[in-house]
Amino acid sequence: MNKHSVYETNSFYWGIKGNEFLRAIVLPHYGAFVTEEKHQLFGDVSGLKMLEVGCGNGQSLQYHGDRKAGELWGMDISEKQIEKAAQHLTTCGLSATLICSPMEEECGIPKNYFDAVYSIYAIGWTTDLEVLSARSLLI
Ligand SMILES: C[S@@+](CC[C@H](N)C(=O)[O-])C[C@H]1O[C@@H](n2cnc3c(N)ncnc32)[C@H](O)[C@@H]1O
């Protein structure tokens, strides 16, 4: 598998398709039947430094921002999604550090820094789960 051609295809797909159609899988929804409101997987995020891997257009980051997370960071492979996330969060009066990169690559995200690193329906797109698991132990 040529991972760079997978990155290109994924980035192209998400740039065109976006994730506006995915209402059921952005926070507070984890799918059709599970919600953050009911199950409290994050609980109180106030003051926490949070990183979303594959943040798409920023709707889940917004959910945490609205609940007073201390710092919002997002990364995504699609430049278009990062642009949309920046616009969306600015419109909502939230500030975030957004990075365009494949999740498998080093991209300047600080190590041993975050209180919570999470992904909502993005890790399934990875080309290398082993590298990703090894990196996730560091961040
Ligand atoms: C289902 S959407 C995520 C929606 C987002 N979590 C939210 O709550 O709005 C999947 C996202 O994963 C991103 N993605 C796919 N492959 C990626 C990769 N290798 N590295 C980083 N992001 C990737 C896509 O660009 C897309 O925005």
# chains A, B, ... in the order shown; residues from 1 in each chain; ligands from 1

call {"tool": "closest_atom_pairs", "arguments": {"of": "chain A", "to": "ligand 1", "cutoff": "7 Å", "atoms": "only C-alpha atoms and all ligand atoms", "output": "Markdown table"}}
result
| residue | atom | partner | partner_atom_place_in_ligand_line | distance |
| --- | --- | --- | --- | --- |
| A:Tyr7 | CA | ligand 1 | 19 (N) | 5.9 |
| A:Asn10 | CA | ligand 1 | 16 (N) | 5.5 |
| A:Ser11 | CA | ligand 1 | 25 (O) | 5.5 |
| A:Trp14 | CA | ligand 1 | 25 (O) | 4.8 |
| A:Gly15 | CA | ligand 1 | 25 (O) | 7.0 |
| A:Gly18 | CA | ligand 1 | 27 (O) | 6.8 |
| A:Asn19 | CA | ligand 1 | 2 (S) | 5.7 |
| A:Leu22 | CA | ligand 1 | 1 (C) | 6.9 |
| A:Ile25 | CA | ligand 1 | 8 (O) | 6.5 |
| A:Val26 | CA | ligand 1 | 8 (O) | 3.9 |
| A:Leu27 | CA | ligand 1 | 8 (O) | 6.0 |
| A:Val53 | CA | ligand 1 | 21 (C) | 6.4 |
| A:Gly54 | CA | ligand 1 | 22 (N) | 3.9 |
| A:Cys55 | CA | ligand 1 | 5 (C) | 4.4 |
| A:Gly56 | CA | ligand 1 | 27 (O) | 3.3 |
| A:Asn57 | CA | ligand 1 | 9 (O) | 5.3 |
| A:Gly58 | CA | ligand 1 | 9 (O) | 5.3 |
| A:Gln59 | CA | ligand 1 | 9 (O) | 4.7 |
| A:Ser60 | CA | ligand 1 | 8 (O) | 4.2 |
| A:Met75 | CA | ligand 1 | 21 (C) | 6.4 |
| A:Asp76 | CA | ligand 1 | 22 (N) | 3.9 |
| A:Ile77 | CA | ligand 1 | 21 (C) | 4.0 |
| A:Ser78 | CA | ligand 1 | 25 (O) | 4.6 |
| A:Gln81 | CA | ligand 1 | 27 (O) | 5.8 |
| A:Ser101 | CA | ligand 1 | 21 (C) | 6.0 |
| A:Pro102 | CA | ligand 1 | 20 (N) | 3.4 |
| A:Met103 | CA | ligand 1 | 20 (N) | 3.8 |
| A:Glu104 | CA | ligand 1 | 19 (N) | 6.3 |
| A:Ser119 | CA | ligand 1 | 6 (N) | 5.9 |
| A:Ile120 | CA | ligand 1 | 6 (N) | 4.3 |
| A:Tyr121 | CA | ligand 1 | 1 (C) | 4.8 |
| A:Ala122 | CA | ligand 1 | 12 (O) | 4.0 |
| A:Trp125 | CA | ligand 1 | 16 (N) | 4.6 |
| A:Thr126 | CA | ligand 1 | 19 (N) | 4.8 |
| A:Thr127 | CA | ligand 1 | 19 (N) | 6.5 |

call {"tool": "residues_around", "arguments": {"residues": "Ala134 (chain A)", "least_positions_apart": "5", "cutoff": "12 Å", "atoms": "only C-alpha atoms", "output": "PyMOL selection string"}}
result
chain A and resi 103-106+128-129+139

call {"tool": "write_last_selection", "arguments": {"atoms": "C-alpha atoms", "output": "CSV table (one decimal), in the first residue's frame"}}
result
chain,number,residue,atom,x,y,z
A,103,MET,CA,-2.5,11.7,11.9
A,104,GLU,CA,0.3,9.2,11.2
A,105,GLU,CA,2.9,11.8,10.7
A,106,GLU,CA,4.8,14.0,13.2
A,128,ASP,CA,-1.1,2.6,10.2
A,129,LEU,CA,-2.8,1.7,13.5
A,139,ILE,CA,0.7,12.8,23.3

call {"tool": "closest_residue", "arguments": {"among": "A:Thr90, A:Ser136, A:Gln40, A:Ser95", "to": "Asn112 (chain A)", "atoms": "only C-alpha atoms"}}
result
A:Ser136

call {"tool": "select_by_dssp", "arguments": {"residues": "chain A", "states": "strand (DSSP E)", "output": "PyMOL selection string"}}
result
chain A and resi 49-53+71-76+97-100+116-118

call {"tool": "write_last_selection", "arguments": {"atoms": "N, CA and C atoms", "output": "PDB file, in the first residue's frame"}}
result
ATOM      1  N   LYS A  49      -7.093  20.629  28.394  1.00  0.00           N
ATOM      2  CA  LYS A  49      -6.448  20.812  27.092  1.00  0.00           C
ATOM      3  C   LYS A  49      -6.800  19.595  26.248  1.00  0.00           C
ATOM      4  N   MET A  50      -7.505  19.843  25.128  1.00  0.00           N
ATOM      5  CA  MET A  50      -8.068  18.732  24.368  1.00  0.00           C
ATOM      6  C   MET A  50      -7.598  18.753  22.922  1.00  0.00           C
ATOM      7  N   LEU A  51      -7.263  17.577  22.434  1.00  0.00           N
ATOM      8  CA  LEU A  51      -6.860  17.424  21.029  1.00  0.00           C
ATOM      9  C   LEU A  51      -7.803  16.443  20.335  1.00  0.00           C
ATOM     10  N   GLU A  52      -8.395  16.895  19.220  1.00  0.00           N
ATOM     11  CA  GLU A  52      -9.213  15.969  18.422  1.00  0.00           C
ATOM     12  C   GLU A  52      -8.453  15.565  17.165  1.00  0.00           C
ATOM     13  N   VAL A  53      -8.279  14.266  17.000  1.00  0.00           N
ATOM     14  CA  VAL A  53      -7.610  13.715  15.819  1.00  0.00           C
ATOM     15  C   VAL A  53      -8.675  13.489  14.742  1.00  0.00           C
ATOM     16  N   GLU A  71      -8.253  24.465  26.363  1.00  0.00           N
ATOM     17  CA  GLU A  71      -7.596  24.654  25.062  1.00  0.00           C
ATOM     18  C   GLU A  71      -8.176  23.657  24.089  1.00  0.00           C
ATOM     19  N   LEU A  72      -8.439  24.146  22.871  1.00  0.00           N
ATOM     20  CA  LEU A  72      -8.939  23.270  21.810  1.00  0.00           C
ATOM     21  C   LEU A  72      -7.867  23.141  20.739  1.00  0.00           C
ATOM     22  N   TRP A  73      -7.501  21.907  20.420  1.00  0.00           N
ATOM     23  CA  TRP A  73      -6.580  21.625  19.323  1.00  0.00           C
ATOM     24  C   TRP A  73      -7.250  20.605  18.411  1.00  0.00           C
ATOM     25  N   GLY A  74      -7.079  20.812  17.088  1.00  0.00           N
ATOM     26  CA  GLY A  74      -7.627  19.832  16.157  1.00  0.00           C
ATOM     27  C   GLY A  74      -6.642  19.581  15.044  1.00  0.00           C
ATOM     28  N   MET A  75      -6.613  18.363  14.559  1.00  0.00           N
ATOM     29  CA  MET A  75      -5.806  18.085  13.370  1.00  0.00           C
ATOM     30  C   MET A  75      -6.630  17.251  12.398  1.00  0.00           C
ATOM     31  N   ASP A  76      -6.374  17.495  11.115  1.00  0.00           N
ATOM     32  CA  ASP A  76      -7.121  16.783  10.078  1.00  0.00           C
ATOM     33  C   ASP A  76      -6.278  16.767   8.808  1.00  0.00           C
ATOM     34  N   THR A  97      -6.257  25.776  18.050  1.00  0.00           N
ATOM     35  CA  THR A  97      -5.066  25.561  17.232  1.00  0.00           C
ATOM     36  C   THR A  97      -5.378  24.411  16.296  1.00  0.00           C
ATOM     37  N   LEU A  98      -5.327  24.686  14.978  1.00  0.00           N
ATOM     38  CA  LEU A  98      -5.723  23.676  13.990  1.00  0.00           C
ATOM     39  C   LEU A  98      -4.541  23.345  13.084  1.00  0.00           C
ATOM     40  N   ILE A  99      -4.309  22.078  12.891  1.00  0.00           N
ATOM     41  CA  ILE A  99      -3.139  21.630  12.138  1.00  0.00           C
ATOM     42  C   ILE A  99      -3.588  20.699  11.022  1.00  0.00           C
ATOM     43  N   CYS A 100      -3.101  20.974   9.801  1.00  0.00           N
ATOM     44  CA  CYS A 100      -3.438  20.107   8.678  1.00  0.00           C
ATOM     45  C   CYS A 100      -2.322  19.082   8.495  1.00  0.00           C
ATOM     46  N   ALA A 116      -6.745  15.347  27.294  1.00  0.00           N
ATOM     47  CA  ALA A 116      -7.574  14.380  26.564  1.00  0.00           C
ATOM     48  C   ALA A 116      -7.235  14.425  25.080  1.00  0.00           C
ATOM     49  N   VAL A 117      -6.961  13.260  24.513  1.00  0.00           N
ATOM     50  CA  VAL A 117      -6.757  13.136  23.061  1.00  0.00           C
ATOM     51  C   VAL A 117      -7.822  12.148  22.595  1.00  0.00           C
ATOM     52  N   TYR A 118      -8.617  12.564  21.622  1.00  0.00           N
ATOM     53  CA  TYR A 118      -9.726  11.706  21.228  1.00  0.00           C
ATOM     54  C   TYR A 118      -9.979  11.822  19.731  1.00  0.00           C
TER      55      TYR A 118
END
